[in-house]
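Structure file structure30.csv; described as CSV, C-alpha atoms.
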chain,number,residue,atom,x,y,z
A,12,MET,CA,-26.0,2.7,-12.8
A,13,LYS,CA,-27.3,1.7,-9.4
A,14,LYS,CA,-27.9,-1.9,-10.7
A,15,PHE,CA,-24.3,-2.0,-11.9
A,16,ILE,CA,-22.9,-0.8,-8.5
A,17,VAL,CA,-25.0,-3.4,-6.7
A,18,VAL,CA,-23.8,-6.2,-9.1
A,19,ALA,CA,-20.2,-5.0,-8.7
A,20,LEU,CA,-20.5,-5.0,-4.9
A,21,VAL,CA,-22.0,-8.5,-4.9
A,22,MET,CA,-19.3,-9.8,-7.2
A,23,GLY,CA,-16.6,-8.2,-5.1
A,24,MET,CA,-18.0,-9.8,-1.9
A,25,LEU,CA,-18.2,-13.2,-3.6
A,26,SER,CA,-14.6,-12.8,-4.8
A,27,LEU,CA,-13.4,-11.9,-1.3
A,28,ALA,CA,-15.3,-14.9,0.1
A,29,ALA,CA,-13.8,-17.2,-2.5
A,30,ALA,CA,-10.3,-15.9,-1.7
A,31,ALA,CA,-10.9,-16.3,2.0
A,32,GLN,CA,-12.0,-19.9,1.5
A,33,ALA,CA,-8.9,-20.6,-0.7
A,34,LEU,CA,-6.6,-19.1,2.0
A,35,ASP,CA,-5.3,-21.7,4.5
A,36,LEU,CA,-4.2,-20.2,7.8
A,37,GLY,CA,-3.2,-22.1,10.9
A,38,ALA,CA,-0.8,-22.9,13.7
A,39,LYS,CA,1.0,-26.1,14.8
A,40,GLY,CA,2.4,-27.0,18.2
A,41,TYR,CA,4.9,-29.8,18.6
A,42,TYR,CA,6.7,-31.6,21.5
A,43,TRP,CA,9.8,-33.2,20.1
A,44,LEU,CA,11.8,-35.8,22.0
A,45,PRO,CA,15.2,-35.9,20.2
A,46,ALA,CA,18.1,-38.1,21.2
A,47,PHE,CA,21.1,-35.7,21.3
A,48,SER,CA,24.7,-36.3,20.6
A,49,GLY,CA,27.6,-34.2,19.4
A,50,ASP,CA,31.0,-32.6,20.1
A,51,LEU,CA,32.1,-29.0,20.4
A,52,THR,CA,35.5,-27.2,20.2
A,53,ALA,CA,36.0,-23.6,21.3
A,54,ASP,CA,39.3,-22.0,20.3
A,55,THR,CA,40.9,-18.6,20.9
A,56,ASP,CA,43.3,-16.8,18.6
A,57,MET,CA,46.2,-18.2,20.6
A,58,ILE,CA,45.0,-21.5,22.1
A,59,GLU,CA,43.5,-24.5,20.4
A,60,GLY,CA,40.6,-26.0,22.3
A,61,THR,CA,39.8,-29.7,23.1
A,62,LYS,CA,37.3,-31.6,21.1
A,63,ILE,CA,34.6,-32.1,23.8
A,64,ASP,CA,31.9,-34.8,23.7
A,65,LEU,CA,29.0,-33.0,25.1
A,66,LYS,CA,27.3,-36.1,26.5
A,67,ASP,CA,30.3,-38.2,27.6
A,68,ASP,CA,32.6,-35.4,28.8
A,69,LEU,CA,30.1,-32.9,30.2
A,70,GLY,CA,27.1,-35.1,31.0
A,71,LEU,CA,24.6,-33.2,29.0
A,72,LYS,CA,21.4,-35.2,28.8
A,73,SER,CA,18.7,-35.4,26.1
A,74,ASP,CA,15.5,-33.6,26.8
A,75,GLY,CA,12.2,-32.8,25.1
A,76,THR,CA,11.5,-29.4,23.5
A,77,PRO,CA,8.5,-27.5,22.2
A,78,GLN,CA,8.2,-26.1,18.7
A,79,ILE,CA,5.6,-23.7,17.3
A,80,GLU,CA,4.8,-23.1,13.6
A,81,LEU,CA,2.6,-20.5,11.9
A,82,PHE,CA,1.6,-21.1,8.3
A,83,ALA,CA,-0.4,-19.6,5.5
A,84,GLY,CA,-1.1,-21.2,2.1
A,85,VAL,CA,-3.0,-20.4,-1.1
A,86,GLY,CA,-3.2,-22.6,-4.1
A,87,ASP,CA,0.2,-24.3,-4.7
A,88,HIS,CA,2.0,-21.8,-2.4
A,89,ARG,CA,2.7,-22.2,1.3
A,90,LEU,CA,4.7,-20.0,3.7
A,91,SER,CA,5.6,-20.9,7.3
A,92,LEU,CA,7.5,-19.6,10.3
A,93,MET,CA,8.8,-22.0,13.0
A,94,TYR,CA,10.6,-21.4,16.3
A,95,THR,CA,12.5,-24.1,18.1
A,96,TYR,CA,14.4,-23.9,21.4
A,97,LEU,CA,16.8,-26.6,22.6
A,98,ALA,CA,18.3,-26.4,26.1
A,99,TYR,CA,20.6,-29.0,27.9
A,100,GLU,CA,22.4,-28.9,31.2
A,101,GLY,CA,24.8,-31.3,32.9
A,102,LYS,CA,27.0,-32.0,35.9
A,103,GLU,CA,30.1,-34.1,35.5
A,104,MET,CA,33.4,-35.0,37.1
A,105,LEU,CA,35.9,-34.5,34.3
A,106,LYS,CA,37.6,-37.7,33.2
A,107,LYS,CA,40.3,-35.8,31.3
A,108,GLU,CA,41.8,-32.3,31.0
A,109,ILE,CA,39.9,-30.1,28.6
A,110,ILE,CA,40.7,-26.7,27.2
A,111,PHE,CA,37.6,-24.6,26.5
A,112,ASN,CA,37.7,-21.1,25.1
A,113,GLY,CA,41.4,-20.7,26.2
A,114,LYS,CA,40.8,-22.0,29.8
A,115,SER,CA,42.0,-25.3,31.2
A,116,TYR,CA,39.9,-27.6,33.3
A,117,GLY,CA,41.8,-30.5,34.9
A,118,ALA,CA,40.8,-34.1,35.2
A,119,GLY,CA,38.9,-34.9,38.4
A,120,ILE,CA,37.3,-31.5,38.6
A,121,GLY,CA,33.5,-31.2,38.8
A,122,VAL,CA,31.9,-28.8,36.4
A,123,ASP,CA,28.4,-27.6,35.5
A,124,SER,CA,27.7,-27.1,31.8
A,125,LYS,CA,25.0,-25.9,29.5
A,126,PHE,CA,24.2,-25.8,25.8
A,127,THR,CA,21.3,-23.9,24.2
A,128,LEU,CA,20.2,-23.5,20.6
A,129,HIS,CA,17.5,-21.1,19.2
A,130,MET,CA,16.3,-21.7,15.7
A,131,VAL,CA,14.0,-19.7,13.5
A,132,ASP,CA,12.8,-21.2,10.1
A,133,LEU,CA,11.2,-19.1,7.3
A,134,GLU,CA,10.1,-21.7,4.7
A,135,TYR,CA,8.4,-21.4,1.4
A,136,GLN,CA,6.9,-24.4,-0.4
A,137,TYR,CA,5.7,-24.7,-4.0
A,138,LYS,CA,3.8,-27.7,-5.4
A,139,VAL,CA,5.3,-28.7,-8.7
A,140,LEU,CA,3.0,-31.8,-9.0
A,141,ASN,CA,-0.5,-31.5,-7.6
A,142,LEU,CA,-2.7,-34.5,-7.7
A,143,GLU,CA,-4.9,-33.5,-4.8
A,144,ASN,CA,-8.1,-34.1,-6.8
A,145,ILE,CA,-7.2,-37.7,-7.6
A,146,LEU,CA,-8.2,-40.5,-5.2
A,147,ALA,CA,-7.1,-39.5,-1.7
A,148,GLY,CA,-4.7,-36.9,-3.1
A,149,ALA,CA,-0.9,-36.5,-3.5
A,150,SER,CA,1.6,-33.8,-4.2
A,151,LEU,CA,5.3,-33.2,-4.7
A,152,GLY,CA,6.8,-29.8,-3.9
A,153,LEU,CA,10.1,-27.8,-3.7
A,154,ILE,CA,11.3,-26.1,-0.5
A,155,GLY,CA,13.2,-22.9,-0.2
A,156,LYS,CA,14.0,-21.7,3.3
A,157,VAL,CA,16.2,-19.5,5.5
A,158,LYS,CA,17.2,-21.0,8.9
A,159,TYR,CA,18.7,-18.8,11.7
A,160,PHE,CA,20.8,-20.3,14.5
A,161,ALA,CA,21.8,-18.6,17.8
A,162,GLY,CA,23.7,-21.0,20.1
A,163,GLU,CA,25.5,-20.8,23.4
A,164,ALA,CA,27.7,-23.3,25.3
A,165,GLY,CA,29.2,-22.8,28.8
A,166,ILE,CA,31.3,-24.5,31.4
A,167,ASN,CA,31.4,-23.2,35.0
A,168,GLN,CA,32.8,-24.2,38.4
A,169,PRO,CA,33.3,-22.1,41.5
A,170,PHE,CA,34.9,-18.7,40.6
A,171,THR,CA,34.9,-19.6,36.9
A,172,ASP,CA,32.1,-19.1,34.4
A,173,ASP,CA,33.0,-19.3,30.7
A,174,THR,CA,30.6,-19.1,27.8
A,175,VAL,CA,31.0,-19.0,24.0
A,176,SER,CA,28.2,-18.1,21.6
A,177,PHE,CA,27.6,-18.2,17.8
A,178,ASN,CA,24.9,-17.1,15.5
A,179,PHE,CA,24.4,-17.4,11.7
A,180,GLY,CA,21.8,-17.9,9.0
A,181,LEU,CA,21.7,-20.5,6.3
A,182,PRO,CA,19.7,-20.7,3.0
A,183,MET,CA,18.4,-24.2,2.3
A,184,LEU,CA,16.8,-26.2,-0.5
A,185,GLY,CA,14.7,-29.3,-0.2
A,186,VAL,CA,11.7,-31.4,-1.3
A,187,VAL,CA,8.4,-32.3,0.3
A,188,ALA,CA,6.0,-35.1,-0.6
A,189,HIS,CA,2.4,-35.4,0.6
A,190,ALA,CA,-0.1,-38.3,0.2
A,191,GLY,CA,-3.6,-38.8,1.4
A,192,ILE,CA,-4.4,-42.1,2.9
A,193,LEU,CA,-8.0,-41.6,3.8
A,194,LYS,CA,-9.5,-38.5,2.2
A,195,ASP,CA,-9.7,-35.6,4.7
A,196,LYS,CA,-9.0,-37.9,7.6
A,197,ILE,CA,-5.4,-39.4,7.5
A,198,GLU,CA,-2.5,-37.9,5.6
A,199,ALA,CA,1.2,-38.5,5.4
A,200,GLU,CA,4.1,-36.1,4.6
A,201,ALA,CA,7.8,-36.5,4.2
A,202,LYS,CA,10.3,-33.7,3.7
A,203,PHE,CA,14.1,-33.1,3.5
A,204,ALA,CA,16.2,-30.0,3.2
A,205,ALA,CA,20.0,-29.4,3.3
A,206,ILE,CA,22.8,-27.0,2.5
A,207,ARG,CA,26.6,-27.2,2.4
A,208,TYR,CA,29.1,-24.3,2.1
A,209,SER,CA,32.6,-23.5,3.3
A,210,GLY,CA,32.8,-26.7,5.5
A,211,ASN,CA,29.5,-26.0,7.2
A,212,ILE,CA,26.7,-28.6,6.7
A,213,TYR,CA,23.1,-28.6,7.8
A,214,MET,CA,20.5,-31.2,7.0
A,215,GLU,CA,17.1,-31.9,8.3
A,216,GLY,CA,14.1,-34.2,7.5
A,217,GLY,CA,11.3,-36.2,8.8
A,218,ALA,CA,8.0,-38.0,8.2
A,219,ASP,CA,4.6,-36.9,9.6
A,220,LEU,CA,1.3,-38.7,9.9
A,221,SER,CA,-1.8,-36.6,10.7
A,222,PHE,CA,-5.3,-37.6,11.7
A,223,SER,CA,-8.2,-35.2,11.5
A,224,PRO,CA,-10.9,-36.1,14.1
A,225,MET,CA,-12.9,-33.0,13.2
A,226,PRO,CA,-12.7,-30.0,10.8
A,227,PHE,CA,-10.0,-27.5,11.6
A,228,LEU,CA,-8.1,-29.8,13.9
A,229,ASP,CA,-5.3,-32.4,13.2
A,230,ILE,CA,-3.4,-34.6,15.5
A,231,ASN,CA,0.2,-35.1,14.3
A,232,GLY,CA,2.8,-37.7,15.1
A,233,GLY,CA,6.1,-38.4,13.4
A,234,TYR,CA,9.9,-38.6,13.5
A,235,LYS,CA,12.4,-36.0,12.6
A,236,PHE,CA,16.1,-35.4,12.6
A,237,MET,CA,18.6,-32.6,12.1
A,238,ARG,CA,22.4,-32.5,11.8
A,239,LEU,CA,24.6,-29.5,12.1
A,240,GLU,CA,28.3,-29.2,11.3
A,241,VAL,CA,29.8,-25.8,12.2
A,242,ASP,CA,33.3,-25.1,10.9
A,243,ASP,CA,35.0,-22.1,12.5
A,244,VAL,CA,32.1,-19.8,13.3
A,245,SER,CA,33.3,-17.4,16.0
A,246,ASP,CA,36.2,-19.8,16.7
A,247,ALA,CA,33.7,-22.6,17.4
A,248,TYR,CA,33.6,-26.0,15.8
A,249,ALA,CA,30.7,-28.4,16.3
A,250,ASP,CA,29.1,-31.6,15.0
A,251,LEU,CA,25.6,-32.0,16.5
A,252,GLU,CA,22.8,-34.5,15.8
A,253,PHE,CA,19.2,-34.5,17.1
A,254,ILE,CA,16.8,-37.3,16.2
A,255,GLY,CA,13.6,-38.6,17.6
A,256,PRO,CA,9.8,-38.8,17.6
A,257,TYR,CA,7.3,-36.0,18.2
A,258,LEU,CA,3.6,-35.3,18.8
A,259,GLY,CA,1.7,-32.3,17.7
A,260,LEU,CA,-1.6,-30.5,17.3
A,261,THR,CA,-2.6,-28.4,14.3
A,262,VAL,CA,-5.4,-25.8,14.2
A,263,SER,CA,-6.3,-24.4,10.8
A,264,PHE,CA,-9.1,-22.3,9.3
For this file, produce the structure as structure tokens.
Amino acid sequence: MKKFIVVALVMGMLSLAAAAQALDLGAKGYYWLPAFSGDLTADTDMIEGTKIDLKDDLGLKSDGTPQIELFAGVGDHRLSLMYTYLAYEGKEMLKKEIIFNGKSYGAGIGVDSKFTLHMVDLEYQYKVLNLENILAGASLGLIGKVKYFAGEAGINQPFTDDTVSFNFGLPMLGVVAHAGILKDKIEAEAKFAAIRYSGNIYMEGGADLSFSPMPFLDINGGYKFMRLEVDDVSDAYADLEFIGPYLGLTVSF
């Protein structure tokens, strides 16, 4: 009986060790430098707003942004959680009259403006084709994810400060392809996901190249884009695009 208990304990510890080795945990940090463009309209129940070019009309400028991602994977399954924060500010002398959230701002008036966007991504990947044991490795997977947006846009001048906000979540579907270039050293990945419903469109994608100088550490570089079309969410309409390169660091164990 004692021998059986000892054997069972040993087998249990070996199983836990194997499971721990199979479980892939890690974190990624990125710094993304997207070129930003887009327009925004803010209506009220009674007054239709002006379609505002956020760069040309309000002087919002492109800026870099950090991103953080936590991930866990086992076998053909991978789950990740990412947070992104975009923030832009501008100062501009208006070239035309604009109506924003029911208020009029005349041509020739100087205004300060801001636009912020918080995004949280919960993403699940499943490998439908796994060739990781062939040559340098390759795989093809499906993506299912939920993306949450919380945005805010504001225009202010002395004695006036007006802000509109919106928040919503979107389910998305996509594909991901991975290829090893140099086994355990250089890898490439490309992914794309999108959703369209009730006039709202969101799509994102990119390509990533990673180099592993030592175990548990990867240096990432790549290019990504995202486009968001919002149709009447809290009386706001928007067509926004962000596209540019990024650098990152991945720690996994």
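Among the candidate residues A:Ser176, A:Ser91, A:Asn112, A:Ser73, the one lying nearest to Ala161 in chain A is A:Ser176, with distances computed using all atoms listed in the file.
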Report task. Compile the contact shell of Ala46 in chain A as a ChimeraX atom specification: residues with an atom at most 12 Å away, counting only C-alpha atoms, same-chain residues fewer than 2 positions apart removed. Result -> /A:43-44,48-49,66,71-76,97,99,234-238,251-257
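The two atoms in question, CA of Met214 in chain A and CA of Lys202 in chain A, are spaced 11.0 Å apart.
Considering only C-alpha atoms, the residue among A:Asp250, A:Val244, A:Glu143, A:Glu134 positioned nearest to Val157 in chain A is A:Glu134.
Each of A:Asp195, A:Glu200, A:Asp243, A:Lys114 was compared to Phe222 in chain A using all atoms listed in the file, and A:Asp195 turns out to be the nearest.
The spacing separating CA of Phe111 in chain A from CA of Gly180 in chain A amounts to 24.5 Å.
Taking all atoms listed in the file into account, Tyr135 in chain A lies nearest to A:Pro182 out of the set A:Pro226, A:Pro182, A:Gly117, A:Gly148.
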As a check of understanding: the span from CA of Gly185 in chain A to CA of Phe47 in chain A is 23.3 Å
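Around the coordinate (-5.3, -29.5, 10.6), residues that reach within 10 Å when counting all atoms listed in the file are Asp35, Leu36, Gly37, Ala38, Lys39, Asp195, Lys196, Ser221, Phe222, Ser223, Pro224, Met225, Pro226, Phe227, Leu228, Asp229, Ile230, Asn231, Leu260, Thr261, Val262, Ser263 and Phe264 of chain A.
Among the candidates A:Val139, A:Leu133, A:Val241, A:Ile197, the one nearest to Met183 in chain A when counting all atoms listed in the file is A:Leu133.
All protein and nucleic acid residues in the vicinity of (38.3, -21.4, 20.9), that is within 9 Å when counting all atoms listed in the file, are Thr52, Ala53, Asp54, Thr55, Asp56, Met57, Ile58, Glu59, Gly60, Thr61, Ile110, Phe111, Asn112, Gly113, Val175, Ser245, Asp246, Ala247 and Tyr248 of chain A.
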Taking 3 positions as the minimum chain separation for residues in the same chain, which residues sit within 12 Å of Asp67 in chain A when counting all atoms listed in the file? Answer as an mmCIF file with C-alpha atoms, in the coordinates of the input.
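Writing done, so here's out06.cif:
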data_model
loop_
_atom_site.group_PDB
_atom_site.id
_atom_site.type_symbol
_atom_site.label_atom_id
_atom_site.label_comp_id
_atom_site.auth_asym_id
_atom_site.auth_seq_id
_atom_site.Cartn_x
_atom_site.Cartn_y
_atom_site.Cartn_z
ATOM 1 C CA PHE A 47 21.100 -35.700 21.300
ATOM 2 C CA SER A 48 24.700 -36.300 20.600
ATOM 3 C CA GLY A 49 27.600 -34.200 19.400
ATOM 4 C CA ASP A 50 31.000 -32.600 20.100
ATOM 5 C CA LEU A 51 32.100 -29.000 20.400
ATOM 6 C CA LYS A 62 37.300 -31.600 21.100
ATOM 7 C CA ILE A 63 34.600 -32.100 23.800
ATOM 8 C CA ASP A 64 31.900 -34.800 23.700
ATOM 9 C CA GLY A 70 27.100 -35.100 31.000
ATOM 10 C CA LEU A 71 24.600 -33.200 29.000
ATOM 11 C CA LYS A 72 21.400 -35.200 28.800
ATOM 12 C CA GLY A 101 24.800 -31.300 32.900
ATOM 13 C CA LYS A 102 27.000 -32.000 35.900
ATOM 14 C CA GLU A 103 30.100 -34.100 35.500
ATOM 15 C CA MET A 104 33.400 -35.000 37.100
ATOM 16 C CA LEU A 105 35.900 -34.500 34.300
ATOM 17 C CA LYS A 106 37.600 -37.700 33.200
ATOM 18 C CA LYS A 107 40.300 -35.800 31.300
#
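The closest residue to Met130 in chain A, picked from A:Met93, A:Ala98, A:Ile79, A:Ile109 and counting only C-alpha atoms, is A:Met93.
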